[in-house]
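S.K.: Here's a structure for you.
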Amino acid sequence: MDWVVFTLTDHRFHVFGNSVVQDAGRGALDAALAAGTRFYPPVDGAVYGSLLHDRATLDAMGDALTQPPHNAPPRAPVLYLKPRNTRAGYGAAIAVPNTGVEVGASVGVVIGRTASHVAVTDAAEYVAGYVAVADLCVPHASVYRPVIPLRARDGFCVMGPAAIARRHVGDPDALPVSVSIDAKPVFAASTSTCVRGVAQLLADVTEFMTLAPGDVLTLGAPHGAPVAHAGALVEVRVAGWAPLRFTLVAEPMSGGVA
Amino acid sequence: MKRARVAYRGAIHSAQPHVDGIELADGRIVAEADVVWLPPVDVGTIFAVGLNYAEHVKELKFGVQKEPLVFMKGPNALLGHRGVTRRPDGVSNMHYECELAVVIGRPVAHVAEADALAYVGGYSIANDYTIRDYLENYYRPNLRAKNRDGATVLGPWFTDAADVGDPQALEIATFVNGRQTQHGNTRDMVTSVAGLVAYLSRTMTLQPGDVILTGTPKGVVNVNVGDEVTCQIGDLGRLVNTIGSDAEFNRRG
C-alpha cells in the first residue's frame, strides 16, 4: 500500500523473476507476452470483489430475493475480500479441486489515491486505471453464508497481465468481457449490466470503507460464469486489452472443501 | 515479551512496557498517553470468526454451524489502542466484540490441529465492532456491517506465544465506561485456536502477520458516542478506545 498516491501512467506490469515493476507502453508489454513470460500481479493492494452485481444475477434469483433467508434485495454493495494468498498473475498454474472452478471474468478498478466518502461526480479522479481479474470460486448454490474457502483458496485471484491507465480505457461501464477455455469461446458479457456504474460503486463503498492507493475493487463476475476444470487453459479478455491467460491443475490432495 | 508500535515525535517506534510508562527501543521512557498507538504488528490478511462461543450464538439466536464461520476484513478496518471508532448517526445497535487475536508467526499450509500452535507467533487483543443495523442476508456477514473504517481495534501489545501458554485458558472481560458488560473465557470457543489454524490452512497458505480474530463470548451491548470501551484478555493488556460521532468525522447525512 502506498500512502499518498499510486502512479499508473501507461501499462504497469511485473515480469516474473524481475525485481522491479515496469510502467511502459503496450509495445513493451506485447513483447514480454510474445516471449512467453509469466507475470506477477501488477498491483499489491487489497482486493475487494463485488457480488450479485450483475442485474441478470438478481433477475435470476427472482422471488428468492424477498424470501427467507434473504428477506429483502441487497441495499449496500455486497463485497468480499480476496486475501493475499489468492493473488496470482498471468501464466500461473492454479490448483483446483475436482469440482472445477467458476471463472468470474471481471474488471478491477485500481485506486489511485486515498478514497473516503467519495462523491459520484468526483469518483473518476480516484481511479488510476483498471486491471483484468479472473476471480475464481468453487461452484456453490447458496449466497446466504457460503464458507470462505470457496473463494479464497491459494491462487484464486488472477490479475493482469497489466494494470492499464485510465486514459487508455474509454467508458468503464461499457467494456466487453469474455472467457475462452482451451481456445474455445465459452462466455461473453459486458460491464454495462452491472447494478452500479464505477462512479456509483466507488461512492457507495467509500461511504463506509476507505480504499487506499493500489487497492482493487472489482465490478464483480457477470451472471453465468463458466466452469473450468484441471487441465484447462483459461483466457479472460476485456475489450482490446492484452488477454489474461493461466492454467488450471489438479490439487495434489483433493477434497479440501467441506 | 510484549511489544507495541507507537508514533512519537515524528517517527514510529517499537516499544515495551516499563514501570514508568513505556520504553521506546531507542531508550526513551515516555507516558502511555504521550504516544499514538498503532496496531502492534504489520497485519496481513485478517480472518474473523463469527459465532465461536456457544453462549454468544444463543444470544444472537443462531444455530450451531457445521464448519467455522469465517469472514475477512481489510486494512481500512484497523485501529490502534486509544483510537476513535465512528458511530453513524441514527443507528440503533453498534456493539463491541472483545476477541483473542492470533498472529501467525511463520508460513503454514495443511497443518494438523495437533501441530498448529507451533505456527502461532503470538497474541493480541481485538475489539471488532459490528453495526447490526447494516446486516444484510447475502454473503453474511456483510462488509458494511463489519468492515468499517477503524472498526477493528488491535493492541496495545503483541505478546509472544511462549509467554501466553495455553490460549484456551484466558479470561475475557469488556468494560463500558468502567462498568463490566462482558465476561467469558477462551476455553469456551467452539473451534479452538489450533482448530482454526488447521481449518484455514487446509485451503489457504497463511503467512506471518496474518491475524485470526477468534470470536467473542456472550455479553455484547450497544455503545454510544462518547463511550469508552476497554477490552481485557488474560495478561495480554487492556485495549481501550472511544466511540466518535459523525460530526467528529465531518460527515453530514
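Identifiers in the C-alpha cells: chain A, B, ... in order shown; residue index from 1 per chain; ligand index from 1 in order shown.
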Kindly determine which residues of chain B lie within 10 Å of chain A, considering only C-alpha atoms, and give the answer as a PyMOL selection string.

M.R.: chain B and resi 44-47+66-77+86+88+109-110+134-151+199-207+210+251

S.K.: Skip Asp10 (chain A) itself and residues of its chain fewer than 2 positions away, then list as a PyMOL selection string all residues within 9 Å of it, counting only C-alpha atoms.

M.R.: chain A and resi 8+12+23-26+129+163-168

S.K.: Could you save the residues just selected, with C-alpha atoms, as an mmCIF file, in the first residue's frame?

M.R.:
```cif
data_model
loop_
_atom_site.group_PDB
_atom_site.id
_atom_site.type_symbol
_atom_site.label_atom_id
_atom_site.label_comp_id
_atom_site.auth_asym_id
_atom_site.auth_seq_id
_atom_site.Cartn_x
_atom_site.Cartn_y
_atom_site.Cartn_z
ATOM 1 C CA LEU A 8 -0.046 4.289 -13.227
ATOM 2 C CA ARG A 12 2.024 -1.361 -15.316
ATOM 3 C CA ASP A 23 5.217 1.047 -16.431
ATOM 4 C CA ALA A 24 5.565 1.174 -20.186
ATOM 5 C CA GLY A 25 3.717 1.200 -23.494
ATOM 6 C CA ARG A 26 1.647 -1.594 -24.971
ATOM 7 C CA GLY A 129 -6.737 2.587 -14.027
ATOM 8 C CA ALA A 163 -2.876 -2.630 -14.990
ATOM 9 C CA ILE A 164 -3.943 -0.127 -17.613
ATOM 10 C CA ALA A 165 -4.014 3.608 -17.058
ATOM 11 C CA ARG A 166 -7.474 5.214 -17.007
ATOM 12 C CA ARG A 167 -6.629 7.343 -20.063
ATOM 13 C CA HIS A 168 -6.350 4.140 -22.158
#
```

S.K.: Quick one: residues within 8 Å of Gly100 (chain A), only C-alpha atoms, excluding same-chain residues fewer than 2 positions away - as a count of residues only?

M.R.: 10

S.K.: One decimal, Å: what's the distance from CA of Val169 (chain A) over to CA of Pro185 (chain A), could you say?

M.R.: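 Separation of CA of Val169 (chain A) and CA of Pro185 (chain A): 23.2 Å.
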
S.K.: For a quick check of understanding, using only C-alpha atoms, which of B:Val35, B:Ile243, B:Ile172, B:Val120 has the smallest distance to Glu97 (chain B)?

M.R.: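 For Glu97 (chain B), the nearest of the given residues is B:Ile172.
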
S.K.: Fewer than 3 positions away in the same chain doesn't count, so skip those; otherwise give me all residues within 8 Å of Ser180 (chain A), counting only C-alpha atoms, as a ChimeraX atom specification.

M.R.: /A:183-187,234-236

S.K.: Residues at most 7 Å from Val177 (chain A), counting only C-alpha atoms, excluding those fewer than 5 positions away in the same chain, as a list in words?

M.R.: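 Skipping anything fewer than 5 positions along the chain leaves Ala105, Ala188, Ala189, Ser190, Arg237, Val238 and Ala239 of chain A.
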
S.K.: Go ahead and save the picked residues with N, CA and C atoms, as a CSV table (one decimal), in the first residue's frame.

M.R.:
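Wrote it out as again.csv, contents follow:
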```csv
chain,number,residue,atom,x,y,z
A,105,ALA,N,-15.0,-13.6,-14.8
A,105,ALA,CA,-14.2,-12.6,-15.6
A,105,ALA,C,-14.7,-11.2,-15.3
A,188,ALA,N,-19.5,-14.6,-22.9
A,188,ALA,CA,-19.3,-13.2,-23.3
A,188,ALA,C,-20.3,-12.3,-22.5
A,189,ALA,N,-19.8,-11.2,-22.0
A,189,ALA,CA,-20.7,-10.3,-21.2
A,189,ALA,C,-20.2,-8.9,-21.4
A,190,SER,N,-20.8,-8.0,-20.6
A,190,SER,CA,-20.3,-6.6,-20.6
A,190,SER,C,-20.5,-6.0,-19.3
A,237,ARG,N,-10.6,-12.0,-21.6
A,237,ARG,CA,-10.3,-10.8,-22.3
A,237,ARG,C,-11.3,-9.7,-21.9
A,238,VAL,N,-10.7,-8.5,-21.8
A,238,VAL,CA,-11.5,-7.3,-21.6
A,238,VAL,C,-11.2,-6.3,-22.7
A,239,ALA,N,-12.2,-6.0,-23.4
A,239,ALA,CA,-12.1,-5.0,-24.6
A,239,ALA,C,-10.8,-5.5,-25.4
```

S.K.: Please, what distance in Å, to one decimal, runs between CA of Ala124 (chain A) and CA of Gly89 (chain A)?

M.R.: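 Answer for the CA of Ala124 (chain A) to CA of Gly89 (chain A) separation: 26.0 Å.
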
S.K.: Please provide the set of residues having any atom within 12 Å of region 159-161 of chain B, restricted to only C-alpha atoms, with same-chain residues fewer than 3 positions apart removed, written as a PyMOL selection string.

M.R.: chain B and resi 1-4+16-17+40-41+100-105+117-125+155-156+164-167+193+233-237

S.K.: Could you list, as a PDB file with C-alpha atoms, in the first residue's frame, every residue within 10 Å of Ile12 (chain B), counting only C-alpha atoms and ignoring same-chain residues fewer than 4 positions away?

M.R.:
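Saved result, around-v4.pdb, follows:
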```
ATOM      1  CA  ARG B   5       4.313   0.048  17.757  1.00  0.00           C
ATOM      2  CA  VAL B   6       3.841   3.674  18.641  1.00  0.00           C
ATOM      3  CA  ALA B   7       4.302   7.018  16.935  1.00  0.00           C
ATOM      4  CA  TYR B   8       6.262   9.550  18.982  1.00  0.00           C
ATOM      5  CA  LEU B  24      10.950   3.033  23.253  1.00  0.00           C
ATOM      6  CA  VAL B  35       2.314   8.384  22.134  1.00  0.00           C
ATOM      7  CA  VAL B  36      -0.026   7.398  19.317  1.00  0.00           C
ATOM      8  CA  TRP B  37      -0.619   3.660  19.497  1.00  0.00           C
ATOM      9  CA  LEU B  38      -0.640   1.766  16.206  1.00  0.00           C
TER      10      LEU B  38
END
```

S.K.: Looking only at the backbone, which of the residues in region 167-230 of chain A does DSSP tag as helix (DSSP H, G or I), as a list in words?

M.R.: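 Filtering region 167-230 of chain A to helix (DSSP H, G or I) leaves Arg167, His168, Pro172, Asp173, Ala174, Thr191, Ser192, Thr193, Val198, Ala199, Gln200, Leu201, Leu202, Ala203, Asp204, Val205 and Thr206 of chain A.
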
S.K.: Of the candidates A:Ala221, A:Val21, A:Ala64, A:Ala31, which one gets nearest to Ser50 (chain A) if we count only C-alpha atoms?

M.R.: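 Closest to Ser50 (chain A) of all the choices is A:Ala221.
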
S.K.: Could you tell me how far CA of Ile111 (chain A) sits from CA of Ser178 (chain A), in Å to one decimal place?

M.R.: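 Pair CA of Ser178 (chain A) / CA of Ile111 (chain A) returns 23.5 Å.
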
S.K.: Could you check which of B:Asn127, B:Thr85, B:Asn241, B:Thr230 is closest to Gln180 (chain B), using only C-alpha atoms?

M.R.: B:Thr230

S.K.: In terms of the shortest atom-to-atom distance over only C-alpha atoms, which of B:His183, B:Arg252, B:Arg132, B:Arg9 is closest to Asn93 (chain B)?

M.R.: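 For Asn93 (chain B), the nearest of the candidates is B:Arg132.
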
S.K.: Given only C-alpha atoms as the basis, pick out the residue of A:Ala141, A:Ala134, A:Ile94, A:Ala28 nearest to Ala232 (chain A).

M.R.: A:Ile94

S.K.: Determine which residues of region 97-235 of chain B DSSP labels as strand (DSSP E) from the backbone of this structure, then write them out as a ChimeraX atom specification.

M.R.: /B:98-104,120-128,130-131,152-160,171-176,179-185,211-213,228-233
